[in-house]
Each structure stands twice: as C-alpha cells, then as structure tokens.
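Undergrad: Quick one: structure below, then a few questions.
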Amino acid sequence: MSIYDTLNDKQKQAVMQTEGPVLILAGAGSGKTRVLTHRVAYLIDREGVDPYRILAITFTNKAAGEMRERVDKIVGFGAEQIWVSTFHSACVRILRRYIDRIGFDTHFTIYDTDDQKGVMKEVCKKLQIDTKTLKERTILNAISSAKNELIGPADYEKQNGFDYNGSRIAKAYAEYQAVLHKNNALDFDDLIMKTVELFRADADVLNNYQERFRYIMVDEYQDTNTAQFELIRLLADKYRNLCVVGDDDQSIYKFRGANIRNILDFEKIYPEACVIKLEQNYRSTQVVLDAANAVIRNNTGRKDKALWTEKKDGSRIHLRQFDTAYEEAEYIADDVAHKVRGGIARYGECAVLYRTNAQARLLEERFIMEGVPYDVIGATNFYARREIKDVLAYLKTIDNGRDDVAVKRIINVPKRGIGISTIVRVQAYADEHQISFYDALREADQIATIGKSASKLKPFVMMMQAFRSKQEFFGLSELVKDILEVTGYVKELEESGEEDAADRIDNIDELISKVTDYEETHDEPTLSGFLEEVALVADIDRVDGDDDRVLLMTLHSAKGLEFSQVYLAGLEDGIFPGYMSIMSDDPMEIEEERRLAYVGITRAKDDLTLTCARQRMIRGETQYNPVSRFVKEIPAELMDDKPLETRRRNPVVYDEDSVEKSIFRSKPFSAGFGADAAKPKPKAVARPKRTAMENQPYIAKAAQGVGAVSITPVGTGKLDYGVGDRVRHMRYGEGTVLKIEPGPRDSQVTVVFDEAGQKIMYAGFAKLAKI
DNA sequence: CGTACTAGTCTTTTT
DNA sequence: GACTAGTACG
C-alpha cells in the first residue's frame, strides 16, 4: 500500500504522467492540490528526480506554503530544495541575481500601487498631462495591461500613438519607466516582464534556468496572463516537462490580464500534450454541485466537463431575501451564532463571501454587535496601511537610497518642518545634477535656493546615516525599534489624539513581530530580504486556519479555499453581477461574473446560504436591485424556500401602467420585482444600534456627510422634468422618472433606468437631464 | 509651513 | 458614504 493508492484513477494518471506537457483540467474540489503534491513526491521518490530540478508555481504565497508543507510530509527530505512560489516571488528571486545584465541594480525595490500612483503623478506634472481628462489610474491601468501583454513603451507608441490619448499614454509610459529605472524600482508587472526580457536578452541565464527546472508545474493556470505564459514557455522550452493545472470555469482575473486562452489553447501550443480531466468532487454535496453546474452551464465556450460526487445527501440551498442590507447582515450574523450554539459548526468553518470589499462594513458592524468573532480579509492589505508603509519607507531608504518615493514619504514624517517647497527645490537640484533625491539631501548646503531650510535637512540625513551604520551590527528588529525610538514615530502617534492611534500602534507592534518572525525563520536575515518578502504578500496569505473566526472576504479572495458553511451575500443584479458587466456590450463580462458565482458556490462543503436585499445603499445612493440572475439559474427544487414573491412583505404602491411596464421591460428576470421595488420610504429603515466604543467617530463623520449634501439647495420647482419623463444620468444611462419626493433641502427622485434598474437619488446630486 | 475644511471622485475584483 | 486631493486660512 503506497500513498498513491489513495488517489482515484484519473488522479493517479495525473501524478504518474511525469514526462512531456500535461494539462490537468481540475474541476472545483477535485483534489487538485493533492494531485500536485503527490506528483512532486512521485517525481522525487519514484522517478529519482533531484528536488532541486523542480519548480512549482502557485497563485498565492499561502498556497505555496501549504504545498511545501505537504510535500515535506510526504517526501520528508529535500523538499526545501524545491522552488515553490508565486510567479512574482520566483521572478524576484531570479532578478535579484541577474537583473544587472539588463541594466538594473540587483538591489531594486518593488513599488506597490500607491508608489506607482505617486510616480505617475510626477510624470503627469512633468509632461503637462491634464489629470482631469486623463487620470493617473487610467494611465497606470493601460501600462499594466501593456506589460501583461509584454508590450514595452516603444511598441505601445507604435500601436497607440496615432490618437491623442494613446500618444499621451505612450509618452507617460516611457517617462514612467525612466523614473522607475532612475529610482531602481520595479512595479508588480515589471517583475514578470523584466524576467522575460532577461531570458530573451541573455541566453546563458535562460539556459541556466532551463537546465535547472527540468520539471515545471503551474497551478491556477487559467489565471495566467500572456507575460506569465511566455515566461513559462521559455523555461519549459528545452525539456518540455510542463504540467499545468487549472479550471477554465474558475478564470476570474481577466481584469488583471489573465488570458483564458492560455488554458483553452494549451493543446494547440503543445500538440503532444496529455489532457487529464478530474471531475470527481470530494468537497461538496450533490445539491451544491447541482447548483454550481446549473449556473455555469449558461456560459459558452467552456471545456466540457461535469462534476460529480459520492456525497449524495446534503441540505438544500437556503435562499433569503431581505428588505435591507442591514437585515441581511443581521440574519447572517444570527445564523452563524445559531449554528455555533447548536453545535452544527465552529466559527472557523463559516465564511461570508461578497462581490465588493465595501460590503464587508455592514457585515462587520453586525458581527461586532452580536459578538461573533470574525476576520475581514483583503479590505486593506496590512502592508498598505499608512503607518506600516511609513516604517517600511525608512527601511527602504536605509536599504536603497535611490528610492526617491520612500525618502519623500518619510522626510517629514514625523513632522520636521520640511515642507513641499523645500522638497521641490531639492528635487530640482537633484535633477540638475543627475543624482538621487537622497544624495541631493546630503549636499543640502550646496543648494542655494533652500536657504535656512538646509538646517532642517541636515539632522535628517545624519539620522539616516546613523541608521545605516547601525544596520551593520544591529539585528533587524532592533533596527526597527531603534527607528521608532529615534524618530519618535510612536510617540507622535500617542500624542496625536487621533481616533485610531491605538490601532496604528497595534499594527506597528504587529510589524515588529513579523520582523522578528522573519529573523527567526531565515538563516541569513537581511533587510532587502525582508522588504522583498513583504512586498509580495497578499492579505489572504495571512490567514491561518488556527483561530476560530468567521472569515469575511470577496469571492476573488475565496478562490482555492473551502468552508463547511458558506454565505453568499448581496446576490442582486447590479451588485453581483455588477452593473458594469450588465451594462457592458461584451457578453464575456457577464460570463466572467458567472464564473465568479461558480467559484463562490463551489466553496461550500456542506451548507450554502444565498442572501440578497431589496434595498441597499451604494456610494450614498439607495438602490433597489432585483435578485441576481445567477440565483434564478439555480433550479428551484434545490432551494429550501418557496418562490421569492411569496416572501414579499410590501404591497404594490404604483399602479401606473407605463411605469409598471417599463420595470418589467428592464427586468425580465425578476417576476416579483416591480412590486418589491415600490417600497417608497427608505427613511423607514432602522439603522442598527451601534456599540458606543466602536462607532462613535463613524456617526460623527456620517452626520457631517449629510450636512455637506444638504448644502446644495435645489428648489423642487427648478427641476425641468417630472414624473413619467424620460431622463438621462451620467452613469446609469436613460430611464423613466417614477417619483419625485420633495425634501426640506433637496428633492429625492426615483428613477427606473433601462439598464441599471431603480435608484433613488438627490436631485441636486444626480444631475438628470430630460430627454 | 501646517492645519482645517471643502469639493470631487469612486474600484468590482489583486499579485 | 468614504476617501483624497486641493485650497483657504492661521
């Protein structure tokens, strides 16, 4: 009896087919990770492959860690020799070694989204690009897409230079790369692209890695982009022992450049490929699978497959519709508490999944109120928090003085009386002399323009120099503590009297323990090593199953995870699928959302609850959305409840024929919607009571916001449209005015939009135009 | 130069 | 509604 006997036939085949290209189409819950780990083990202990020759690429660091751990258990020895990592960390590792061959310093820093935006802001200023008409974000997105397709600035110019915006972006792209190069920095996309560039430019380096990685495995292959594909293609080109694992139905990262063709066309690129389908699901009940299959069936152009399970039974899917998102949150929190009390599940076996991070807030409030322990994943990455970034900026500056962004971030944090004008002048000097910002600071007394401010710069430079020399004999955590001490960062926080100062200090303490942890787990801890590890962690990587808490996260973050009890919240057309995809004329957008729904449903092992609300506040607007079309794709017999319309609580209010019809025209999927939507009084909604400690500041801020809105007085009589008129809205397109409700300061207008559904908005806000 | 307030924007999803 | 960049003031 060997470990391989526990695998089913298909899995066994996938494990033992070690030579040549292999495509494993692994449905959700089909034991994909098991196959991968067993395959690695098989390579080592049956095929005698040196662990050193194996590369396994996973999607997150967490997956990589788990895989290594599991392989470690099976093979016992040599597992640490295997490269198990994400695309990004694998590339960093390669670039740290060889990037000097394409003109960068191996001590490069990695820019996150914030840093990118800062750079782009300067680029726009320099190129005199008006950021009102062309947003930094837009440019960066264009650049990111280009990089994902391996299109450099020159090629971009060739392809897009002929129109106004295209040429502006092309120029910004070129300048942006120049600034990054000057700062010796790479952004996330560069990590992949530069590695490909390196491999293409230097045959020796490529050959070196081709020889090393005789066996390559890629997990979540459906989410690879063109650059990642090319990287893998190059690496595998010599020995062609490439095994990719994925599920086209779970491709949900198109917005990040993922190219679903990579998996769909694998057999075209590798005609000799062996294709293995894993269709037996070991995770969910038949009911859950039936629901998932019923939904995904509506997509076109997928690889044919059908999941099945031996877990025959299973409770039906619970569908619950509520009047408001508050009630929805209340129900979920209650239901979890109920399950835990009843011994049905532990907190840690429950997860609430939603489409957008913003939905977490309401749920969170309710969980606090009910005293249900929870963890929100992803909202703000730990390392993206202000105080953490500040401390990291100190470390970056100590590590690599060429990183202008980091230096500027902390030059006046805590306050040292160094203002914008001084920074601008120093930068001018730096540009003039072709040196880095930090080097310019060191020559502060040479800069004529700054006058007396030079006296403020000197202590800063002295301090940084001192940190650098301390680095020689200090441990990392000592260095961090020293920085906090010398700069008075924590002290300033304590004295600031800011509302969340305590949280921030907690975060800093957590950072210190992460530094300590890094020192303990690495043989040769270095500052660069720590910074690089930190630059590439996703929030999901921090999850450990040990603490017993309900997890709240987006559907995207949930990929690859499984829970006994799953709640899918906010299942409303306009939320999920999001209105962007509904409005889009590209049908592929809805299909991507549907795959996301498929991912969500298949996370559930035992029990699945679907919830939605009739009324929801989104970005200050009350929306009335019909039940998600995806819910309607699930056969009613799989649900435990009667059809939705019998659960309706609110009577029909409007009887105007035309209005009623227009609702039905725009909402073919939702039979009961017209009546549901007619609830006229959003004000009647009771907001949940808040716990005093947690929410005091929130209330204060909210009140401010309302005040700001009401300052815009729009007389009711001034509206040039009335009930029944057709109007146009900037974002939602055309619609029919259903109702106008005069308020003390501004009228509330209810409009049924043809595409986007019904919205209630302030007239002064909405800027509706009669058509 | 720092602060306090205001106006405008918004990402849906993340390595 | 919340966050942020920009502006007017001290």
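Ordering of the structure tokens sets the chain letters (A, B, ...); residue numbers start at 1 within each chain; ligands are numbered from 1 in the order shown.
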Would you mind listing what lies within 12 Å of C:DG6 as a VMD selection string, with only C-alpha atoms (C1' of nucleotides) counted and same-chain residues fewer than 2 positions away left out?

TA: (chain B and resid 5 to 8) or (chain C and resid 4 8)

Undergrad: As a list in words, please: every residue in stretch 137-246 of chain A that DSSP puts in strand (DSSP E or B).

TA: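 Answer for stretch 137-246 of chain A, restricted to strand (DSSP E or B): Ala185, Leu186, Asp187, Tyr215, Ile216, Met217, Val218, Asn225, Leu242, Cys243, Val244, Val245 and Gly246 of chain A.
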
Undergrad: Starting from chain B, keep only residues with some atom at most 8 Å from an atom of chain A, counting only C-alpha atoms (C1' of nucleotides), and report them as a compact mmCIF listing (two decimals) with N, CA and C atoms (P, O5', C5', C4', C3', O3' and C1' of nucleotides), in the first residue's frame.

TA:
# COMPACT_ATOMS: atom_id res chain seq x y z
P DC B 1 8.42 75.43 3.20
O5' DC B 1 7.53 75.46 4.54
C5' DC B 1 8.12 75.30 5.81
C4' DC B 1 7.01 75.07 6.80
C3' DC B 1 6.18 73.84 6.46
O3' DC B 1 6.14 72.98 7.59
C1' DC B 1 4.78 75.75 6.77
P DT B 12 -16.63 50.53 -9.14
O5' DT B 12 -15.84 49.19 -8.78
C5' DT B 12 -15.89 48.85 -7.40
C4' DT B 12 -15.79 47.36 -7.22
C3' DT B 12 -14.35 46.96 -7.28
O3' DT B 12 -14.00 46.75 -5.89
C1' DT B 12 -15.78 45.46 -8.56
P DT B 13 -13.12 46.16 -5.08
O5' DT B 13 -12.85 44.84 -5.90
C5' DT B 13 -12.72 43.64 -5.15
C4' DT B 13 -12.54 42.50 -6.10
C3' DT B 13 -11.08 42.24 -6.36
O3' DT B 13 -10.67 41.28 -5.44
C1' DT B 13 -12.38 42.12 -8.36
P DT B 14 -9.70 41.70 -4.22
O5' DT B 14 -8.30 41.34 -4.86
C5' DT B 14 -8.06 40.05 -5.34
C4' DT B 14 -6.63 40.00 -5.82
C3' DT B 14 -5.60 40.47 -4.78
O3' DT B 14 -4.44 39.68 -4.93
C1' DT B 14 -5.46 41.82 -6.70
P DT B 15 -3.48 39.44 -3.69
O5' DT B 15 -2.13 38.99 -4.42
C5' DT B 15 -2.12 37.84 -5.22
C4' DT B 15 -0.97 37.92 -6.20
C3' DT B 15 0.39 38.20 -5.56
O3' DT B 15 1.35 37.32 -6.13
C1' DT B 15 -0.07 39.80 -7.23

Undergrad: Please, which residues of chain C lie no more than 12 Å from chain A when the count uses only C-alpha atoms (C1' of nucleotides), and can they be set out as a PyMOL selection string?

TA: chain C and resi 1-3+5

Undergrad: I'd like the contact shell of A:Asp375 - 7 Å cut-off, only C-alpha atoms (C1' of nucleotides), skipping same-chain residues fewer than 6 positions apart - returned as an MDAnalysis selection string.

TA: chainID A and resid 549:552

Undergrad: Extract, using only C-alpha atoms (C1' of nucleotides), all DNA, RNA and protein residues at most 8 Å from A:Val752, discarding same-chain residues fewer than 3 positions from it, and format them as a PyMOL selection string.

TA: chain A and resi 662-663+735-738+756-759

Undergrad: Have a look at atom CA of A:Met639 and atom CA of A:Glu755 and let me know their distance in Å, one decimal.

TA: 28.2 Å
